[in-house]
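With compact mmCIF, N, CA and C atoms inside, this is coords02.txt:
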```
# COMPACT_ATOMS: atom_id res chain seq x y z
N MET I 1 2.98 -15.59 13.30
CA MET I 1 1.79 -14.74 13.23
C MET I 1 2.09 -13.54 12.34
N SER I 2 1.14 -13.19 11.53
CA SER I 2 1.31 -12.07 10.61
C SER I 2 1.16 -10.75 11.33
N LYS I 3 1.80 -9.75 10.79
CA LYS I 3 1.59 -8.42 11.34
C LYS I 3 0.43 -7.71 10.68
N TYR I 4 -0.23 -8.35 9.71
CA TYR I 4 -1.41 -7.79 9.07
C TYR I 4 -2.67 -8.30 9.77
N THR I 5 -3.62 -7.42 9.97
CA THR I 5 -4.93 -7.80 10.48
C THR I 5 -5.93 -7.31 9.45
N LEU I 6 -6.98 -8.07 9.21
CA LEU I 6 -7.82 -7.74 8.08
C LEU I 6 -9.27 -8.13 8.27
N ASP I 7 -10.11 -7.53 7.46
CA ASP I 7 -11.45 -8.02 7.23
C ASP I 7 -11.30 -9.07 6.12
N LYS I 8 -12.27 -9.98 5.97
CA LYS I 8 -12.23 -10.90 4.83
C LYS I 8 -12.27 -10.04 3.58
N SER I 9 -11.43 -10.36 2.62
CA SER I 9 -11.37 -9.47 1.47
C SER I 9 -10.70 -10.10 0.28
N TYR I 10 -10.69 -9.33 -0.78
CA TYR I 10 -10.00 -9.67 -2.01
C TYR I 10 -8.51 -9.37 -1.91
N ILE I 11 -8.07 -8.77 -0.84
CA ILE I 11 -6.69 -8.31 -0.73
C ILE I 11 -5.74 -9.45 -0.31
N TYR I 12 -6.24 -10.47 0.36
CA TYR I 12 -5.37 -11.50 0.94
C TYR I 12 -5.60 -12.87 0.32
N TYR I 13 -4.52 -13.66 0.25
CA TYR I 13 -4.67 -15.05 -0.16
C TYR I 13 -5.59 -15.75 0.82
N GLU I 14 -6.40 -16.65 0.30
CA GLU I 14 -7.40 -17.34 1.12
C GLU I 14 -6.75 -18.02 2.34
N ASN I 15 -7.39 -17.81 3.49
CA ASN I 15 -6.96 -18.39 4.76
C ASN I 15 -5.56 -17.95 5.20
N THR I 16 -5.15 -16.77 4.72
CA THR I 16 -3.86 -16.21 5.16
C THR I 16 -4.06 -14.72 5.44
N SER I 17 -3.02 -14.13 5.93
CA SER I 17 -3.00 -12.68 6.07
C SER I 17 -1.90 -12.10 5.19
N ILE I 18 -1.59 -12.80 4.10
CA ILE I 18 -0.59 -12.36 3.13
C ILE I 18 -1.33 -11.68 1.97
N PRO I 19 -1.01 -10.41 1.70
CA PRO I 19 -1.66 -9.72 0.58
C PRO I 19 -1.38 -10.41 -0.76
N ILE I 20 -2.40 -10.58 -1.57
CA ILE I 20 -2.23 -11.12 -2.92
C ILE I 20 -1.31 -10.17 -3.68
N ASN I 21 -0.32 -10.74 -4.34
CA ASN I 21 0.64 -9.90 -5.02
C ASN I 21 1.00 -10.47 -6.38
N LYS I 22 1.47 -9.60 -7.25
CA LYS I 22 1.78 -9.96 -8.63
C LYS I 22 2.96 -10.91 -8.74
N LEU I 23 3.80 -10.97 -7.71
CA LEU I 23 4.96 -11.86 -7.72
C LEU I 23 4.63 -13.21 -7.09
N ASN I 24 3.38 -13.37 -6.66
CA ASN I 24 2.90 -14.61 -6.04
C ASN I 24 3.76 -15.03 -4.85
N ILE I 25 4.18 -14.07 -4.07
CA ILE I 25 4.97 -14.33 -2.87
C ILE I 25 4.02 -14.71 -1.74
N HIS I 26 4.28 -15.86 -1.12
CA HIS I 26 3.45 -16.33 -0.01
C HIS I 26 4.19 -16.31 1.31
N ASP I 27 5.45 -15.94 1.30
CA ASP I 27 6.27 -15.86 2.50
C ASP I 27 6.31 -14.41 2.96
N LEU I 28 5.81 -14.14 4.16
CA LEU I 28 5.69 -12.76 4.63
C LEU I 28 7.03 -12.04 4.71
N LYS I 29 8.08 -12.73 5.13
CA LYS I 29 9.41 -12.08 5.24
C LYS I 29 9.92 -11.66 3.86
N ILE I 30 9.72 -12.50 2.87
CA ILE I 30 10.14 -12.16 1.51
C ILE I 30 9.30 -11.00 0.98
N LEU I 31 8.00 -11.04 1.25
CA LEU I 31 7.12 -9.96 0.81
C LEU I 31 7.51 -8.63 1.45
N GLU I 32 7.78 -8.65 2.74
CA GLU I 32 8.19 -7.42 3.43
C GLU I 32 9.51 -6.89 2.89
N ALA I 33 10.43 -7.78 2.53
CA ALA I 33 11.71 -7.34 1.94
C ALA I 33 11.46 -6.67 0.59
N GLU I 34 10.55 -7.24 -0.20
CA GLU I 34 10.21 -6.64 -1.50
C GLU I 34 9.55 -5.28 -1.31
N GLU I 35 8.65 -5.18 -0.33
CA GLU I 35 8.01 -3.89 -0.03
C GLU I 35 9.05 -2.84 0.35
N ARG I 36 10.02 -3.23 1.17
CA ARG I 36 11.08 -2.28 1.57
C ARG I 36 11.87 -1.78 0.37
N LYS I 37 12.20 -2.68 -0.55
CA LYS I 37 12.93 -2.28 -1.77
C LYS I 37 12.11 -1.28 -2.58
N LEU I 38 10.83 -1.60 -2.75
CA LEU I 38 9.97 -0.72 -3.54
C LEU I 38 9.77 0.63 -2.86
N LEU I 39 9.64 0.62 -1.53
CA LEU I 39 9.50 1.88 -0.80
C LEU I 39 10.74 2.75 -0.97
N LEU I 40 11.91 2.15 -0.89
CA LEU I 40 13.14 2.92 -1.06
C LEU I 40 13.20 3.54 -2.45
N LYS I 41 12.86 2.76 -3.48
CA LYS I 41 12.84 3.30 -4.84
C LYS I 41 11.79 4.40 -4.97
N GLY I 42 10.63 4.18 -4.35
CA GLY I 42 9.57 5.19 -4.40
C GLY I 42 10.00 6.49 -3.72
N TYR I 43 10.60 6.37 -2.54
CA TYR I 43 11.08 7.56 -1.83
C TYR I 43 12.09 8.32 -2.68
N GLU I 44 13.03 7.59 -3.28
CA GLU I 44 14.05 8.23 -4.11
C GLU I 44 13.41 8.95 -5.30
N TYR I 45 12.49 8.27 -5.99
CA TYR I 45 11.85 8.86 -7.15
C TYR I 45 11.10 10.14 -6.77
N PHE I 46 10.27 10.06 -5.76
CA PHE I 46 9.46 11.22 -5.41
C PHE I 46 10.30 12.34 -4.80
N HIS I 47 11.34 11.99 -4.05
CA HIS I 47 12.23 13.02 -3.51
C HIS I 47 12.94 13.75 -4.64
N ASN I 48 13.41 13.01 -5.61
CA ASN I 48 14.13 13.62 -6.74
C ASN I 48 13.22 14.45 -7.64
N ASN I 49 11.91 14.24 -7.55
CA ASN I 49 10.99 14.97 -8.41
C ASN I 49 10.19 16.04 -7.67
N LEU I 50 10.55 16.31 -6.43
CA LEU I 50 9.88 17.38 -5.68
C LEU I 50 10.31 18.74 -6.19
N SER I 51 9.39 19.67 -6.15
CA SER I 51 9.71 21.05 -6.49
C SER I 51 8.86 21.95 -5.60
N GLU I 52 9.11 23.23 -5.69
CA GLU I 52 8.32 24.18 -4.89
C GLU I 52 6.86 24.17 -5.28
N SER I 53 6.57 23.70 -6.48
CA SER I 53 5.18 23.68 -6.93
C SER I 53 4.47 22.34 -6.64
N THR I 54 5.17 21.39 -6.03
CA THR I 54 4.55 20.10 -5.72
C THR I 54 3.36 20.31 -4.79
N LEU I 55 2.25 19.77 -5.18
CA LEU I 55 1.03 19.87 -4.40
C LEU I 55 0.73 18.50 -3.78
N PHE I 56 0.77 18.43 -2.45
CA PHE I 56 0.52 17.19 -1.73
C PHE I 56 -0.98 17.01 -1.53
N ASP I 57 -1.64 16.58 -2.59
CA ASP I 57 -3.08 16.41 -2.58
C ASP I 57 -3.44 14.95 -2.81
N GLU I 58 -4.72 14.69 -2.94
CA GLU I 58 -5.22 13.33 -3.15
C GLU I 58 -4.57 12.68 -4.38
N LYS I 59 -4.52 13.40 -5.47
CA LYS I 59 -3.93 12.88 -6.70
C LYS I 59 -2.46 12.50 -6.49
N TYR I 60 -1.72 13.35 -5.80
CA TYR I 60 -0.30 13.10 -5.54
C TYR I 60 -0.11 11.81 -4.74
N PHE I 61 -0.87 11.64 -3.67
CA PHE I 61 -0.68 10.48 -2.80
C PHE I 61 -1.15 9.18 -3.46
N LYS I 62 -2.19 9.25 -4.27
CA LYS I 62 -2.60 8.06 -5.01
C LYS I 62 -1.54 7.67 -6.03
N GLU I 63 -0.95 8.67 -6.68
CA GLU I 63 0.11 8.41 -7.64
C GLU I 63 1.36 7.88 -6.94
N LEU I 64 1.68 8.40 -5.78
CA LEU I 64 2.81 7.91 -4.98
C LEU I 64 2.62 6.43 -4.67
N HIS I 65 1.44 6.06 -4.22
CA HIS I 65 1.15 4.67 -3.89
C HIS I 65 1.18 3.80 -5.15
N ARG I 66 0.58 4.28 -6.24
CA ARG I 66 0.55 3.51 -7.48
C ARG I 66 1.96 3.27 -8.00
N LYS I 67 2.74 4.34 -8.10
CA LYS I 67 4.08 4.23 -8.67
C LYS I 67 4.99 3.38 -7.78
N THR I 68 4.82 3.46 -6.48
CA THR I 68 5.65 2.71 -5.55
C THR I 68 5.32 1.22 -5.57
N PHE I 69 4.04 0.87 -5.58
CA PHE I 69 3.65 -0.53 -5.38
C PHE I 69 3.06 -1.24 -6.60
N THR I 70 3.01 -0.60 -7.76
CA THR I 70 2.36 -1.22 -8.92
C THR I 70 3.03 -2.53 -9.35
N LYS I 71 4.32 -2.66 -9.13
CA LYS I 71 5.03 -3.90 -9.47
C LYS I 71 4.55 -5.06 -8.61
N LEU I 72 4.04 -4.76 -7.43
CA LEU I 72 3.71 -5.79 -6.46
C LEU I 72 2.20 -6.01 -6.28
N TYR I 73 1.42 -4.93 -6.31
CA TYR I 73 0.00 -5.05 -5.99
C TYR I 73 -0.90 -4.48 -7.08
N GLY I 74 -1.93 -5.24 -7.44
CA GLY I 74 -2.91 -4.78 -8.41
C GLY I 74 -3.75 -3.64 -7.91
N PHE I 75 -3.85 -3.48 -6.62
CA PHE I 75 -4.66 -2.41 -6.03
C PHE I 75 -3.85 -1.15 -5.75
N ALA I 76 -2.61 -1.11 -6.19
CA ALA I 76 -1.76 0.05 -5.94
C ALA I 76 -2.37 1.31 -6.53
N GLY I 77 -2.46 2.35 -5.73
CA GLY I 77 -2.98 3.63 -6.19
C GLY I 77 -4.49 3.73 -6.21
N LYS I 78 -5.17 2.70 -5.71
CA LYS I 78 -6.63 2.70 -5.67
C LYS I 78 -7.10 2.70 -4.22
N TYR I 79 -8.30 3.20 -4.01
CA TYR I 79 -8.88 3.15 -2.67
C TYR I 79 -9.24 1.73 -2.29
N ARG I 80 -8.94 1.36 -1.06
CA ARG I 80 -9.36 0.06 -0.53
C ARG I 80 -10.86 0.06 -0.30
N THR I 81 -11.42 -1.14 -0.26
CA THR I 81 -12.84 -1.28 0.07
C THR I 81 -13.02 -2.08 1.36
N VAL I 82 -11.89 -2.39 2.02
CA VAL I 82 -11.92 -3.11 3.30
C VAL I 82 -10.96 -2.43 4.27
N ASN I 83 -11.19 -2.60 5.55
CA ASN I 83 -10.30 -2.07 6.58
C ASN I 83 -9.13 -3.02 6.79
N ILE I 84 -7.94 -2.44 6.99
CA ILE I 84 -6.76 -3.25 7.28
C ILE I 84 -5.92 -2.56 8.34
N SER I 85 -5.07 -3.35 8.99
CA SER I 85 -4.08 -2.81 9.90
C SER I 85 -2.84 -3.66 9.78
N LYS I 86 -1.72 -3.13 10.26
CA LYS I 86 -0.45 -3.83 10.19
C LYS I 86 0.22 -3.67 11.53
N GLY I 87 0.39 -4.78 12.25
CA GLY I 87 0.93 -4.69 13.60
C GLY I 87 -0.01 -3.89 14.48
N TYR I 88 0.53 -2.86 15.11
CA TYR I 88 -0.29 -2.00 15.96
C TYR I 88 -0.79 -0.76 15.22
N THR I 89 -0.54 -0.70 13.93
CA THR I 89 -0.95 0.45 13.13
C THR I 89 -2.25 0.14 12.40
N THR I 90 -3.27 0.93 12.66
CA THR I 90 -4.53 0.79 11.94
C THR I 90 -4.56 1.85 10.85
N PHE I 91 -4.77 1.41 9.62
CA PHE I 91 -4.85 2.34 8.51
C PHE I 91 -6.23 3.01 8.53
N CYS I 92 -6.33 4.13 7.88
CA CYS I 92 -7.58 4.87 7.82
C CYS I 92 -8.73 3.93 7.44
N GLN I 93 -9.84 4.04 8.15
CA GLN I 93 -10.99 3.21 7.84
C GLN I 93 -11.53 3.56 6.46
N VAL I 94 -12.02 2.53 5.78
CA VAL I 94 -12.53 2.68 4.41
C VAL I 94 -13.55 3.81 4.31
N ARG I 95 -14.44 3.89 5.27
CA ARG I 95 -15.51 4.89 5.17
C ARG I 95 -14.99 6.33 5.22
N PHE I 96 -13.74 6.52 5.67
CA PHE I 96 -13.16 7.87 5.74
C PHE I 96 -12.09 8.14 4.70
N LEU I 97 -11.70 7.14 3.94
CA LEU I 97 -10.57 7.29 3.02
C LEU I 97 -10.70 8.46 2.06
N GLU I 98 -11.77 8.49 1.30
CA GLU I 98 -11.89 9.54 0.29
C GLU I 98 -12.00 10.93 0.90
N GLN I 99 -12.79 11.08 1.95
CA GLN I 99 -12.96 12.42 2.51
C GLN I 99 -11.70 12.92 3.21
N THR I 100 -10.89 12.03 3.80
CA THR I 100 -9.67 12.49 4.46
C THR I 100 -8.51 12.66 3.49
N SER I 101 -8.67 12.13 2.29
CA SER I 101 -7.62 12.26 1.28
C SER I 101 -7.68 13.58 0.53
N ARG I 102 -8.75 14.29 0.71
CA ARG I 102 -8.92 15.54 -0.04
C ARG I 102 -8.39 16.72 0.69
```
Could I get this structure in the form of structure tokens?
Amino acid sequence: MSKYTLDKSYIYYENTSIPINKLNIHDLKILEAEERKLLLKGYEYFHNNLSESTLFDEKYFKELHRKTFTKLYGFAGKYRTVNISKGYTTFCQVRFLEQTSR
């Protein structure tokens, strides 16, 4: 069973709960391993580029997501148009994304 829960959407391969990805990975364990690698690289990049003037705003977080996941997901750095959750974690609902990001 997948740890992703979803609305029907453009984000997942048909009849699966595996996010469509640029590497065409259909195995959830392999996909999660790739996500972990990218997250580690993303954390390192953004940590190394922090300064006292860093502004944690909407633009920053969209860029963080884009730069971290662009190798894997075409939707990296863009607002979702569907609701998703992963395991017991529900991500911000689509209808609130833009207003809570500001």
Have a look at atom C of I:Phe46 and atom CA of I:Leu23 and let me know their distance in Å, one decimal.
-> 25.0 Å
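When atom N of I:Tyr12 is paired with atom C of I:Phe56, their separation reads 28.0 Å.
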Enumerate, as an MDAnalysis selection string, the complete set of residues in chain I that a backbone-based DSSP assignment places in alpha helix (DSSP H).
-> chainID I and resid 28:48 58:69 94:101
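Minimum atom-to-atom distances from I:Ser51, I:Glu32, I:Lys59, I:Asn15 to I:Arg102 were compared using all atoms listed in the file, and the lowest value belongs to I:Lys59.
Atom pair atom N of I:Tyr60 / atom C of I:Ser101: separated by 8.7 Å.
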Hey, which of I:Tyr73, I:Tyr43, I:Phe91, I:Tyr10 ends up closest to I:Lys22? Count only N, CA and C atoms.
-> I:Tyr73
Select from stretch 34-93 of chain I everything DSSP, run on the backbone, classes as strand (DSSP E or B), then give the selection as number ranges by chain.
-> I: 84-86, 89-90
Write out as a ChimeraX atom specification which residues come within 6 Å of I:Gly42 when counting all atoms listed in the file, dropping same-chain ones fewer than 5 positions away.
-> /I:37,47,67-68
Write the residues of the preceding selection, restricted to N, CA and C atoms, as a short mmCIF file (atom, residue, chain, number, x, y, z; two decimals), in the coordinates of the input.
```cif
data_model
loop_
_atom_site.label_atom_id
_atom_site.label_comp_id
_atom_site.auth_asym_id
_atom_site.auth_seq_id
_atom_site.Cartn_x
_atom_site.Cartn_y
_atom_site.Cartn_z
N LYS I 37 12.20 -2.68 -0.55
CA LYS I 37 12.93 -2.28 -1.77
C LYS I 37 12.11 -1.28 -2.58
N HIS I 47 11.34 11.99 -4.05
CA HIS I 47 12.23 13.02 -3.51
C HIS I 47 12.94 13.75 -4.64
N LYS I 67 2.74 4.34 -8.10
CA LYS I 67 4.08 4.23 -8.67
C LYS I 67 4.99 3.38 -7.78
N THR I 68 4.82 3.46 -6.48
CA THR I 68 5.65 2.71 -5.55
C THR I 68 5.32 1.22 -5.57
#
```
Using only C-alpha atoms, which of the listed residues (I:Leu31, I:Leu50, I:Leu55, I:Val94) sits closest to I:Leu72?
-> I:Leu31
Taking all listed atoms of stretch 70-73 of chain I, build the axis-aligned box, pad each of the six sides by 4 Å, then write its centre and edge lengths in Å to one decimal as AutoDock Vina command-line options.
```
--center_x 2.1 --center_y -3.3 --center_z -7.7 --size_x 13.9 --size_y 13.4 --size_z 11.5
```
